[in-house]
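Peer 1: Please read through the structure below; I'll follow up with questions.
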Amino acid sequence: VSPPPVADLLVRDIGELVPLGASVPAWEPPHGPEERWPPRIRDAALASGGGHVLWCGPQADLDNAVSISAEATHVSAQGGLITPGFVDSHTHLIFGGDRADEFFLRLRGVPYRELARSGGGILRTVRETRRTGAAELLSLARRRAERMLEWGTTTAEIKSGYGLDLETELKILEVARRLKDETPLQIVPTFLGAHEVPPGTDESTYVEKLVQEMLPEVARQGLARFCDVFCERGVFGVEASRRVLQAAASHGLGLKIHAEQLSRFGGAVLAAELRATSADHLEYAAAADLEALAAAGVVAVLLPGASLFLGTERYAPMAEMRASGIEPALATDCNPGTCMTESMASILFLAVVKLKMSPGEALRAACLGSARALGLADRLGSLEPGMQTDLVIFDVPDLEHLVYHFGVNHVRQVVKRGHLVVSRR
Ligand code: NIG
Ligand code: FE
């Protein structure tokens with residue numbers, strides 16, 4: 001008989017623990033939130049050792065479950081809610097300048113694409129990011145990363161894509177790498193050189209540059225885990241997107257696509273064809289797109305904050321996705337043009353109100369779904385034994401209250417890899 005594992009972190013007095021886990025079957029309507037899916041543990045405790053969950057269950061069983069190191073850290077959740085740390089699986093966190101004026105112009109009726117045609121949009125942020133030094137970019141990104149942690153995000157994907165030349169794309173990805181060393185936030189970097197065609201060139205010339213010069217250098221320096229393309233009418237066509245992503249795959253990068261965001265254009269079917277890890281946005285996805293994604297096991301990263309912020313009121317077809325068996329993920333899309341927030345709690349609220357997800361379904365998408373969208377579900381997104389001890393203690397009695405009491409930060413403490421990294425109040 002092997003000795004019980006030794007815990008170096010104990011969390012007690014948990015009012016409600018939502019551990020999630022791959023073994024929990026998907027939520028299915030028409031059950032209401034009164035069914036309290038997924039399973040929760042009331043009056044719970046959790047033990048962690050070496051940064052991994054050793055055990056969680058009813059507090060009464062704790063003493064028999066683990067032995068406790070004399071130096072262990074003891075934390076009381078004071079009757080609050082514990083969930084896995086949020087995984088924000090789609091952000092454009094590193095950028096210079098902002099586009100606040102465009103937000104208000106849009107509210108007066110000027111469309112996103114028109115702002116882009118008249119000197120605003122992505123290319124404006126590219127100009128501002130090119131002229132912002134690495135140190136300044138890092139300090140801006142650090143403050144955003146700290147806000148993420150304060151709101152319960154413990155892992156974030158970060159895309160480049162506001163450089164569109166080798167020098168600036170590398171500058172952004174190096175800032176992402178340095179950010180990883182400077183904050184407890186776990187970071188997954190994505191190369192999005194194909195975010196927009198830079199001025200003074202055309203699609204095919206730029207795609208050749210991406211494939212021949214930029215992708216190989218990014219891969220050589222090990223600066224990205226994924227490659228993403230903005231596949232959209234007037235941005236990158238399906239052929240061009242395929243060429244970039246196939247080249248990325250040949251360099252060992254995982255694949256993501258901004259698909260069907262502003263129109264139905266073919267990105268989702270391409271994502272399925274290329275066995276991309278995720279297809280993101282999907283506001284205009286049709287039934288055939290969802291079938292293809294489901295059959296290929298592509299995760300759908302949903303970004304309801306962008307629909308709200310753009311004022312389109314066009315949300316991804318969640319009911320059809322659920323019926324098709326696609327795994328949904330939730331993310332902020334944090335960027336200056338289409339969703340200026342670091343708060344995953346706000347996205348949970350939108351997912352419930354606008355996508356009609358149940359609270360449990362939204363939480364699962366924000367943790368386990370997002371971990372799958374980053375290829376990290378073997379260690380992130382749930383609190384089953386063996387998983388990384390990334391968790392959030394909220395000052396609410398249960399998951400329903402986290403969603404219902406919106407717009408305020410309920411986080412009391414955040415634990416990353418078994419270490420307390422945020423303590424508020
Ligand atoms: O996910 N759609 C493309 N990329 C971003 C927007 C970037 C921007 O407007 O700066 C998005 O919405
Ligand atoms: Fe995006």
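Labels used: A, B, ... for chains in the order of the structure tokens, numbers from 1 for residues in each chain, and numbers from 1 for ligands as shown.
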Could you report the residues within 10 Å of ligand 1, using only C-alpha atoms and all ligand atoms, as a ChimeraX atom specification?
Peer 2: /A:90-92,95,98-99,102,112-113,115-116,120-126,159,161-162,192,194-196,229-232,235,257-262,280-281,303,305-307,309-310,332-340
Peer 1: Give me the residues near Leu54 of chain A as a short mmCIF file (atom, residue, chain, number, x, y, z; two decimals) with N, CA, C and O atoms, in the first residue's frame, where near means some atom within 8 Å (using only C-alpha atoms) and where sequence neighbours in that chain fewer than 3 positions away do not count.
Peer 2:
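What follows is the written file result_15.cif:
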data_model
loop_
_atom_site.label_atom_id
_atom_site.label_comp_id
_atom_site.auth_asym_id
_atom_site.auth_seq_id
_atom_site.Cartn_x
_atom_site.Cartn_y
_atom_site.Cartn_z
N PRO A 5 -0.70 10.74 -0.43
CA PRO A 5 0.08 11.88 -0.94
C PRO A 5 0.18 13.00 0.10
O PRO A 5 -0.71 13.15 0.94
N ALA A 7 0.15 16.86 1.11
CA ALA A 7 -0.39 18.13 0.62
C ALA A 7 0.44 19.30 1.13
O ALA A 7 0.83 19.34 2.29
N LEU A 46 -10.16 21.05 -0.62
CA LEU A 46 -9.29 20.65 -1.74
C LEU A 46 -7.86 20.62 -1.25
O LEU A 46 -7.42 21.50 -0.51
N ALA A 47 -7.13 19.57 -1.63
CA ALA A 47 -5.72 19.43 -1.26
C ALA A 47 -4.87 19.40 -2.51
O ALA A 47 -5.20 18.74 -3.49
N SER A 48 -3.75 20.14 -2.43
CA SER A 48 -2.84 20.24 -3.58
C SER A 48 -1.43 19.93 -3.12
O SER A 48 -1.05 20.27 -2.00
N GLY A 49 -0.65 19.30 -3.97
CA GLY A 49 0.76 19.03 -3.66
C GLY A 49 1.59 19.20 -4.92
O GLY A 49 1.21 18.71 -5.98
N VAL A 66 -5.61 12.65 2.65
CA VAL A 66 -4.22 13.09 2.40
C VAL A 66 -3.48 13.25 3.73
O VAL A 66 -4.10 13.45 4.78
N PRO A 385 -8.13 15.20 -9.63
CA PRO A 385 -6.79 14.86 -9.18
C PRO A 385 -5.83 14.72 -10.36
O PRO A 385 -6.19 14.16 -11.39
N GLY A 386 -4.62 15.28 -10.20
CA GLY A 386 -3.61 15.24 -11.25
C GLY A 386 -3.56 16.51 -12.08
O GLY A 386 -2.55 16.79 -12.73
#
Peer 1: If we count only C-alpha atoms and set the cut-off at 9 Å, which residues sit around Gly407 of chain A, ignoring sequence neighbours fewer than 3 positions away in its own chain? Please answer as a PDB file with N, CA, C and O atoms, in the first residue's frame.
Peer 2:
ATOM      1  N   ALA A 345     -15.358  36.941 -16.395  1.00  0.00           N
ATOM      2  CA  ALA A 345     -16.652  36.909 -15.700  1.00  0.00           C
ATOM      3  C   ALA A 345     -17.707  37.640 -16.537  1.00  0.00           C
ATOM      4  O   ALA A 345     -18.868  37.213 -16.624  1.00  0.00           O
ATOM      5  N   SER A 346     -17.307  38.742 -17.178  1.00  0.00           N
ATOM      6  CA  SER A 346     -18.240  39.464 -18.046  1.00  0.00           C
ATOM      7  C   SER A 346     -18.653  38.601 -19.224  1.00  0.00           C
ATOM      8  O   SER A 346     -19.810  38.646 -19.666  1.00  0.00           O
ATOM      9  N   PHE A 349     -21.290  36.084 -18.208  1.00  0.00           N
ATOM     10  CA  PHE A 349     -22.596  36.744 -18.145  1.00  0.00           C
ATOM     11  C   PHE A 349     -23.204  36.849 -19.547  1.00  0.00           C
ATOM     12  O   PHE A 349     -24.362  36.483 -19.769  1.00  0.00           O
TER      13      PHE A 349
END
Peer 1: Set the distance at 10 Å and use only C-alpha atoms: which residues neighbour segment 265-279 of chain A once local chain neighbours fewer than 6 positions away are removed? I'd like the list as number ranges by chain.
Peer 2: A: 89, 226-233, 236-239, 241-242, 245-246, 249, 254-259, 285-286, 288-302, 327-329, 370, 372-375
Peer 1: Write out the residues from the selection above, keeping C-alpha atoms, as a PDB file, in the first residue's frame.
Peer 2:
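New file selection03.pdb:
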ATOM      1  CA  SER A  89      -8.360  31.041 -25.166  1.00  0.00           C
ATOM      2  CA  PHE A 226      -0.282  28.153 -32.781  1.00  0.00           C
ATOM      3  CA  CYS A 227      -0.808  29.992 -36.068  1.00  0.00           C
ATOM      4  CA  ASP A 228      -4.045  31.864 -36.752  1.00  0.00           C
ATOM      5  CA  VAL A 229      -5.491  33.541 -39.886  1.00  0.00           C
ATOM      6  CA  PHE A 230      -8.268  36.136 -40.217  1.00  0.00           C
ATOM      7  CA  CYS A 231     -10.197  34.359 -42.985  1.00  0.00           C
ATOM      8  CA  GLU A 232     -12.794  36.895 -44.175  1.00  0.00           C
ATOM      9  CA  ARG A 233     -14.045  38.693 -47.278  1.00  0.00           C
ATOM     10  CA  PHE A 236      -7.508  36.666 -46.380  1.00  0.00           C
ATOM     11  CA  GLY A 237      -9.351  34.381 -48.790  1.00  0.00           C
ATOM     12  CA  VAL A 238      -9.813  30.654 -48.227  1.00  0.00           C
ATOM     13  CA  GLU A 239      -6.955  29.736 -50.625  1.00  0.00           C
ATOM     14  CA  SER A 241      -5.588  30.998 -45.507  1.00  0.00           C
ATOM     15  CA  ARG A 242      -5.034  27.364 -46.486  1.00  0.00           C
ATOM     16  CA  LEU A 245      -1.951  27.312 -42.281  1.00  0.00           C
ATOM     17  CA  GLN A 246      -0.456  24.390 -44.211  1.00  0.00           C
ATOM     18  CA  ALA A 249       1.488  22.923 -39.788  1.00  0.00           C
ATOM     19  CA  GLY A 254      -1.194  24.084 -34.109  1.00  0.00           C
ATOM     20  CA  LEU A 255      -3.884  25.790 -36.193  1.00  0.00           C
ATOM     21  CA  LYS A 256      -6.621  28.335 -35.438  1.00  0.00           C
ATOM     22  CA  ILE A 257      -8.878  30.370 -37.727  1.00  0.00           C
ATOM     23  CA  HIS A 258     -10.932  33.542 -37.253  1.00  0.00           C
ATOM     24  CA  ALA A 259     -13.919  32.096 -39.124  1.00  0.00           C
ATOM     25  CA  ALA A 285     -21.694  29.771 -39.238  1.00  0.00           C
ATOM     26  CA  ALA A 286     -24.396  27.671 -40.964  1.00  0.00           C
ATOM     27  CA  ALA A 288     -23.055  22.559 -42.783  1.00  0.00           C
ATOM     28  CA  ASP A 289     -20.184  24.430 -41.073  1.00  0.00           C
ATOM     29  CA  LEU A 290     -21.161  23.075 -37.682  1.00  0.00           C
ATOM     30  CA  GLU A 291     -21.442  19.523 -39.027  1.00  0.00           C
ATOM     31  CA  ALA A 292     -17.948  19.766 -40.505  1.00  0.00           C
ATOM     32  CA  LEU A 293     -16.480  21.176 -37.286  1.00  0.00           C
ATOM     33  CA  ALA A 294     -18.170  18.518 -35.156  1.00  0.00           C
ATOM     34  CA  ALA A 295     -17.003  15.676 -37.428  1.00  0.00           C
ATOM     35  CA  ALA A 296     -13.407  16.959 -37.333  1.00  0.00           C
ATOM     36  CA  GLY A 297     -13.406  17.536 -33.555  1.00  0.00           C
ATOM     37  CA  VAL A 298     -12.594  21.245 -33.908  1.00  0.00           C
ATOM     38  CA  VAL A 299     -13.314  23.322 -30.789  1.00  0.00           C
ATOM     39  CA  ALA A 300     -15.564  26.386 -31.350  1.00  0.00           C
ATOM     40  CA  VAL A 301     -14.165  29.415 -29.521  1.00  0.00           C
ATOM     41  CA  LEU A 302     -17.091  31.782 -28.933  1.00  0.00           C
ATOM     42  CA  GLU A 327     -17.200  21.513 -27.795  1.00  0.00           C
ATOM     43  CA  PRO A 328     -17.639  25.248 -27.139  1.00  0.00           C
ATOM     44  CA  ALA A 329     -14.981  27.431 -25.548  1.00  0.00           C
ATOM     45  CA  SER A 370     -10.869  26.751 -23.550  1.00  0.00           C
ATOM     46  CA  ARG A 372      -9.116  22.065 -25.201  1.00  0.00           C
ATOM     47  CA  ALA A 373      -8.902  25.026 -27.575  1.00  0.00           C
ATOM     48  CA  LEU A 374      -5.273  25.383 -26.459  1.00  0.00           C
ATOM     49  CA  GLY A 375      -4.476  21.668 -26.498  1.00  0.00           C
TER      50      GLY A 375
END
Peer 1: So which residues touch Trp37 of chain A within 12 Å, counting only C-alpha atoms, skipping near sequence neighbours fewer than 6 positions away, as a compact mmCIF listing (two decimals) with all heavy atoms, in the first residue's frame?
Peer 2:
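Ended up saving to part33.txt:
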# COMPACT_ATOMS: atom_id res chain seq x y z
N VAL A 18 -16.95 23.52 -7.85
CA VAL A 18 -17.33 23.00 -9.17
C VAL A 18 -16.07 22.49 -9.84
O VAL A 18 -15.35 23.25 -10.48
CB VAL A 18 -17.99 24.09 -10.04
CG1 VAL A 18 -18.63 23.46 -11.28
CG2 VAL A 18 -19.03 24.87 -9.26
N PRO A 19 -15.78 21.19 -9.70
CA PRO A 19 -14.49 20.71 -10.22
C PRO A 19 -14.46 20.51 -11.72
O PRO A 19 -13.39 20.44 -12.31
CB PRO A 19 -14.29 19.37 -9.49
CG PRO A 19 -15.62 18.94 -9.01
CD PRO A 19 -16.52 20.15 -8.96
N LEU A 20 -15.64 20.44 -12.37
CA LEU A 20 -15.72 20.09 -13.79
C LEU A 20 -15.05 18.74 -14.02
O LEU A 20 -15.05 17.90 -13.13
CB LEU A 20 -15.11 21.18 -14.68
CG LEU A 20 -15.82 22.54 -14.60
CD1 LEU A 20 -15.08 23.59 -15.41
CD2 LEU A 20 -17.26 22.45 -15.09
N VAL A 24 -17.58 14.38 -16.90
CA VAL A 24 -18.93 14.92 -16.72
C VAL A 24 -19.61 15.04 -18.08
O VAL A 24 -19.09 15.72 -18.96
CB VAL A 24 -18.87 16.31 -16.04
CG1 VAL A 24 -20.25 16.91 -15.91
CG2 VAL A 24 -18.19 16.21 -14.69
N PRO A 25 -20.75 14.38 -18.30
CA PRO A 25 -21.40 14.47 -19.61
C PRO A 25 -21.90 15.89 -19.88
O PRO A 25 -22.13 16.66 -18.95
CB PRO A 25 -22.55 13.48 -19.52
CG PRO A 25 -22.80 13.30 -18.06
CD PRO A 25 -21.51 13.56 -17.35
N ALA A 26 -22.07 16.24 -21.14
CA ALA A 26 -22.48 17.60 -21.52
C ALA A 26 -23.87 17.94 -20.98
O ALA A 26 -24.71 17.07 -20.79
CB ALA A 26 -22.46 17.73 -23.04
N TRP A 27 -24.07 19.22 -20.74
CA TRP A 27 -25.38 19.73 -20.33
C TRP A 27 -26.33 19.68 -21.51
O TRP A 27 -25.95 19.95 -22.63
CB TRP A 27 -25.24 21.17 -19.85
CG TRP A 27 -26.53 21.82 -19.40
CD1 TRP A 27 -27.15 21.68 -18.20
CD2 TRP A 27 -27.34 22.73 -20.15
NE1 TRP A 27 -28.29 22.45 -18.15
CE2 TRP A 27 -28.43 23.10 -19.33
CE3 TRP A 27 -27.26 23.28 -21.43
CZ2 TRP A 27 -29.43 23.99 -19.75
CZ3 TRP A 27 -28.25 24.16 -21.85
CH2 TRP A 27 -29.32 24.51 -21.02
N GLU A 28 -27.58 19.32 -21.25
CA GLU A 28 -28.55 19.31 -22.34
C GLU A 28 -29.82 20.02 -21.91
O GLU A 28 -30.35 19.73 -20.85
CB GLU A 28 -28.92 17.87 -22.70
CG GLU A 28 -27.92 17.19 -23.60
CD GLU A 28 -28.30 15.75 -23.84
OE1 GLU A 28 -29.48 15.51 -24.17
OE2 GLU A 28 -27.43 14.88 -23.68
N PRO A 29 -30.29 20.93 -22.75
CA PRO A 29 -31.59 21.54 -22.44
C PRO A 29 -32.67 20.49 -22.68
O PRO A 29 -32.38 19.48 -23.31
CB PRO A 29 -31.68 22.66 -23.47
CG PRO A 29 -30.83 22.22 -24.61
CD PRO A 29 -29.77 21.34 -24.03
N HIS A 31 -33.33 21.25 -19.56
CA HIS A 31 -33.16 21.38 -18.12
C HIS A 31 -32.83 22.81 -17.77
O HIS A 31 -32.06 23.46 -18.48
CB HIS A 31 -32.02 20.48 -17.64
CG HIS A 31 -32.05 19.13 -18.24
ND1 HIS A 31 -33.20 18.38 -18.28
CD2 HIS A 31 -31.10 18.40 -18.85
CE1 HIS A 31 -32.93 17.23 -18.88
NE2 HIS A 31 -31.66 17.22 -19.25
N MET A 357 -26.51 30.04 -22.90
CA MET A 357 -25.87 28.91 -22.25
C MET A 357 -26.38 28.83 -20.81
O MET A 357 -26.81 29.84 -20.24
CB MET A 357 -24.35 29.10 -22.24
CG MET A 357 -23.69 28.93 -23.60
SD MET A 357 -21.96 29.42 -23.56
CE MET A 357 -21.17 27.92 -24.08
N SER A 358 -26.34 27.64 -20.22
CA SER A 358 -26.63 27.54 -18.79
C SER A 358 -25.37 28.01 -18.05
O SER A 358 -24.27 28.01 -18.63
CB SER A 358 -26.98 26.11 -18.41
OG SER A 358 -25.81 25.31 -18.40
N PRO A 359 -25.46 28.41 -16.78
CA PRO A 359 -24.26 28.85 -16.06
C PRO A 359 -23.16 27.79 -16.06
O PRO A 359 -21.98 28.10 -16.26
CB PRO A 359 -24.77 29.12 -14.64
CG PRO A 359 -26.22 29.42 -14.81
CD PRO A 359 -26.69 28.58 -15.98
N GLY A 360 -23.55 26.53 -15.87
CA GLY A 360 -22.56 25.46 -15.85
C GLY A 360 -21.91 25.23 -17.20
O GLY A 360 -20.71 24.98 -17.32
N GLU A 361 -22.74 25.35 -18.23
CA GLU A 361 -22.22 25.19 -19.59
C GLU A 361 -21.22 26.29 -19.91
O GLU A 361 -20.16 26.05 -20.52
CB GLU A 361 -23.43 25.27 -20.54
CG GLU A 361 -23.21 24.76 -21.92
CD GLU A 361 -24.50 24.89 -22.74
OE1 GLU A 361 -25.32 25.80 -22.47
OE2 GLU A 361 -24.67 24.09 -23.66
N ALA A 362 -21.53 27.53 -19.49
CA ALA A 362 -20.63 28.65 -19.73
C ALA A 362 -19.32 28.46 -18.95
O ALA A 362 -18.23 28.70 -19.47
CB ALA A 362 -21.30 29.97 -19.33
N LEU A 363 -19.43 28.00 -17.71
CA LEU A 363 -18.21 27.78 -16.92
C LEU A 363 -17.35 26.71 -17.56
O LEU A 363 -16.13 26.86 -17.69
CB LEU A 363 -18.56 27.37 -15.48
CG LEU A 363 -17.31 27.15 -14.62
CD1 LEU A 363 -16.65 28.48 -14.26
CD2 LEU A 363 -17.63 26.35 -13.36
N ARG A 364 -17.98 25.62 -17.97
CA ARG A 364 -17.22 24.55 -18.61
C ARG A 364 -16.50 25.07 -19.85
O ARG A 364 -15.32 24.77 -20.10
CB ARG A 364 -18.13 23.38 -18.97
CG ARG A 364 -17.38 22.24 -19.63
CD ARG A 364 -18.31 21.16 -20.15
NE ARG A 364 -17.65 20.43 -21.21
CZ ARG A 364 -17.24 19.16 -21.10
NH1 ARG A 364 -17.44 18.50 -20.00
NH2 ARG A 364 -16.63 18.58 -22.11
N ASP A 398 -22.61 30.42 -4.78
CA ASP A 398 -22.63 29.35 -5.79
C ASP A 398 -22.45 29.94 -7.19
O ASP A 398 -22.42 31.17 -7.37
CB ASP A 398 -23.93 28.52 -5.70
CG ASP A 398 -25.18 29.36 -5.89
OD1 ASP A 398 -25.10 30.45 -6.51
OD2 ASP A 398 -26.25 28.95 -5.40
N LEU A 399 -22.34 29.04 -8.15
CA LEU A 399 -22.08 29.44 -9.54
C LEU A 399 -23.16 30.36 -10.09
O LEU A 399 -22.87 31.32 -10.82
CB LEU A 399 -21.97 28.15 -10.40
CG LEU A 399 -21.79 28.34 -11.90
CD1 LEU A 399 -20.54 29.15 -12.21
CD2 LEU A 399 -21.73 26.97 -12.58
N GLU A 400 -24.43 30.08 -9.74
CA GLU A 400 -25.52 30.91 -10.25
C GLU A 400 -25.33 32.37 -9.83
O GLU A 400 -25.57 33.29 -10.62
CB GLU A 400 -26.88 30.39 -9.76
CG GLU A 400 -27.39 29.19 -10.54
CD GLU A 400 -26.54 27.93 -10.40
OE1 GLU A 400 -25.93 27.73 -9.32
OE2 GLU A 400 -26.46 27.14 -11.35
Peer 1: Pick out each residue of segment 204-244 of chain A that DSSP on the backbone tags as strand (DSSP E or B); I need them as a PyMOL selection string.
Peer 2: chain A and resi 226-231+236
Peer 1: How many Å separate atom CA of Arg177 of chain A from atom CA of Thr153 of chain A?
Peer 2: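 Separating atom CA of Arg177 of chain A from atom CA of Thr153 of chain A is a distance of 17.7 Å.
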Peer 1: Find the residue from A:Leu93, A:Leu140, A:Val6, A:Leu81 that sits nearest to Ala65 of chain A; use only C-alpha atoms when measuring.
Peer 2: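 Closest to Ala65 of chain A of all the choices is A:Val6.
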Peer 1: Considering only C-alpha atoms, return as a list in words whatever protein or nucleic-acid residues lie within 12 Å of Ser139 of chain A, sequence-local ones (same chain, fewer than 4 positions apart) excluded.
Peer 2: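 Those residues are Leu93, Ile94, Phe95, Gly96, Thr132, Gly133, Ala134, Ala135, Arg143, Arg144, Ala145, Glu146, Val175, Ala176, Arg178, Leu179, Glu182 and Thr183 of chain A.
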Peer 1: Write the residues of the preceding selection, restricted to N, CA, C and O atoms, as a compact mmCIF listing (two decimals), in the first residue's frame.
Peer 2:
# COMPACT_ATOMS: atom_id res chain seq x y z
N LEU A 93 -3.79 40.59 -26.77
CA LEU A 93 -3.50 41.39 -25.56
C LEU A 93 -2.40 42.44 -25.76
O LEU A 93 -2.33 43.41 -25.01
N ILE A 94 -1.52 42.20 -26.74
CA ILE A 94 -0.35 43.08 -26.87
C ILE A 94 -0.54 44.04 -28.04
O ILE A 94 -0.53 43.65 -29.21
N PHE A 95 -0.78 45.31 -27.70
CA PHE A 95 -1.00 46.33 -28.74
C PHE A 95 -0.64 47.70 -28.19
O PHE A 95 -0.65 47.93 -26.99
N GLY A 96 -0.32 48.62 -29.09
CA GLY A 96 -0.10 50.02 -28.70
C GLY A 96 -1.34 50.83 -29.01
O GLY A 96 -2.14 50.46 -29.88
N THR A 132 5.46 51.76 -30.93
CA THR A 132 5.60 51.60 -29.48
C THR A 132 6.78 50.68 -29.19
O THR A 132 6.86 49.57 -29.74
N GLY A 133 7.70 51.13 -28.33
CA GLY A 133 8.88 50.33 -28.02
C GLY A 133 8.52 49.07 -27.23
O GLY A 133 7.46 49.00 -26.59
N ALA A 134 9.43 48.10 -27.24
CA ALA A 134 9.16 46.82 -26.57
C ALA A 134 8.91 47.02 -25.07
O ALA A 134 8.03 46.37 -24.50
N ALA A 135 9.68 47.93 -24.44
CA ALA A 135 9.52 48.12 -23.00
C ALA A 135 8.13 48.67 -22.67
O ALA A 135 7.48 48.24 -21.71
N ARG A 143 0.08 45.26 -17.29
CA ARG A 143 -1.10 45.75 -16.57
C ARG A 143 -2.36 45.00 -17.00
O ARG A 143 -3.23 44.69 -16.19
N ARG A 144 -2.43 44.67 -18.29
CA ARG A 144 -3.59 43.88 -18.75
C ARG A 144 -3.55 42.47 -18.16
O ARG A 144 -4.59 41.92 -17.75
N ALA A 145 -2.37 41.89 -18.10
CA ALA A 145 -2.23 40.53 -17.54
C ALA A 145 -2.60 40.53 -16.06
O ALA A 145 -3.25 39.60 -15.56
N GLU A 146 -2.21 41.59 -15.35
CA GLU A 146 -2.56 41.69 -13.93
C GLU A 146 -4.07 41.81 -13.74
O GLU A 146 -4.65 41.21 -12.83
N VAL A 175 7.60 40.09 -26.43
CA VAL A 175 6.90 40.67 -25.27
C VAL A 175 6.05 39.59 -24.59
O VAL A 175 6.04 39.48 -23.36
N ALA A 176 5.39 38.76 -25.39
CA ALA A 176 4.59 37.66 -24.81
C ALA A 176 5.48 36.72 -24.01
O ALA A 176 5.12 36.27 -22.93
N ARG A 178 8.39 37.45 -22.60
CA ARG A 178 8.85 38.12 -21.36
C ARG A 178 7.73 38.23 -20.34
O ARG A 178 7.95 38.12 -19.14
N LEU A 179 6.52 38.43 -20.82
CA LEU A 179 5.36 38.53 -19.93
C LEU A 179 5.21 37.23 -19.12
O LEU A 179 4.88 37.25 -17.93
N GLU A 182 7.33 37.34 -16.19
CA GLU A 182 7.11 38.44 -15.25
C GLU A 182 5.80 38.38 -14.49
O GLU A 182 5.60 39.14 -13.55
N THR A 183 4.87 37.56 -14.95
CA THR A 183 3.60 37.44 -14.22
C THR A 183 3.29 35.95 -14.04
O THR A 183 3.79 35.11 -14.79
Peer 1: Choose the residue, out of A:Glu114, A:Glu217, A:Asp61, A:Asp43, that has the smallest atom-to-atom separation from Asp165 of chain A; count only C-alpha atoms.
Peer 2: A:Glu217
Peer 1: For Leu185 of chain A, find every residue with an atom within 7 Å (counting only C-alpha atoms), except residues of its own chain fewer than 5 positions away, and show them as a list in words.
Peer 2: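 Final neighbour list, sorted by chain and number: Ala145, Leu149, Thr154, Thr155 and Lys180 of chain A.
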Peer 1: Generate the output file for the selected residues, N, CA, C and O atoms, as a PDB file, in the first residue's frame.
Peer 2:
ATOM      1  N   ALA A 145      -2.367  41.886 -18.105  1.00  0.00           N
ATOM      2  CA  ALA A 145      -2.229  40.529 -17.539  1.00  0.00           C
ATOM      3  C   ALA A 145      -2.601  40.531 -16.058  1.00  0.00           C
ATOM      4  O   ALA A 145      -3.248  39.597 -15.556  1.00  0.00           O
ATOM      5  N   LEU A 149      -5.566  38.328 -14.142  1.00  0.00           N
ATOM      6  CA  LEU A 149      -5.399  37.525 -12.927  1.00  0.00           C
ATOM      7  C   LEU A 149      -6.367  37.973 -11.835  1.00  0.00           C
ATOM      8  O   LEU A 149      -7.005  37.145 -11.181  1.00  0.00           O
ATOM      9  N   THR A 154      -6.272  32.434 -15.243  1.00  0.00           N
ATOM     10  CA  THR A 154      -4.953  31.912 -14.871  1.00  0.00           C
ATOM     11  C   THR A 154      -4.125  31.484 -16.083  1.00  0.00           C
ATOM     12  O   THR A 154      -2.939  31.226 -15.955  1.00  0.00           O
ATOM     13  N   THR A 155      -4.772  31.395 -17.244  1.00  0.00           N
ATOM     14  CA  THR A 155      -4.058  31.055 -18.487  1.00  0.00           C
ATOM     15  C   THR A 155      -4.661  31.880 -19.613  1.00  0.00           C
ATOM     16  O   THR A 155      -5.895  32.008 -19.704  1.00  0.00           O
ATOM     17  N   LYS A 180       5.468  36.124 -19.782  1.00  0.00           N
ATOM     18  CA  LYS A 180       5.382  34.816 -19.141  1.00  0.00           C
ATOM     19  C   LYS A 180       6.330  34.730 -17.938  1.00  0.00           C
ATOM     20  O   LYS A 180       6.022  34.106 -16.932  1.00  0.00           O
TER      21      LYS A 180
END
Peer 1: Looking at only C-alpha atoms and all ligand atoms, which of A:Leu173, A:Leu137, A:Met387, A:Ala331 is the one that sits closest to ligand 2?
Peer 2: A:Ala331
Peer 1: Write out as number ranges by chain all residues of segment 275-403 of chain A that DSSP puts in helix (DSSP H, G or I) for this structure's backbone.
Peer 2: A: 287-296, 304-310, 318-324, 344-353, 359-373, 399-403
Peer 1: Just checking: using only C-alpha atoms and all ligand atoms, which residue out of A:Glu128, A:Glu313, A:Glu136, A:Glu157 ends up closest to ligand 2?
Peer 2: A:Glu157
Peer 1: Pick from A:Leu164, A:Glu208, A:Leu170, A:Arg40: nearest to Gly193 of chain A, with only C-alpha atoms counted?
Peer 2: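 Of A:Leu164, A:Glu208, A:Leu170, A:Arg40, the one nearest Gly193 of chain A, counting only C-alpha atoms, is A:Leu164.
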Peer 1: Report the distance between atom CA of Phe86 of chain A and atom CA of Gln59 of chain A in Å, rounded to one decimal place.
Peer 2: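 Separation of atom CA of Phe86 of chain A and atom CA of Gln59 of chain A: 24.0 Å.
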Peer 1: From the list A:Leu330, A:Leu383, A:Val87, A:Met214, which residue is nearest ligand 2 when using only C-alpha atoms and all ligand atoms?
Peer 2: A:Leu330
Peer 1: What is the distance, in Å and to one decimal place, between atom CA of Glu342 of chain A and atom CA of Trp151 of chain A?
Peer 2: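 Answer for the atom CA of Glu342 of chain A to atom CA of Trp151 of chain A separation: 7.8 Å.
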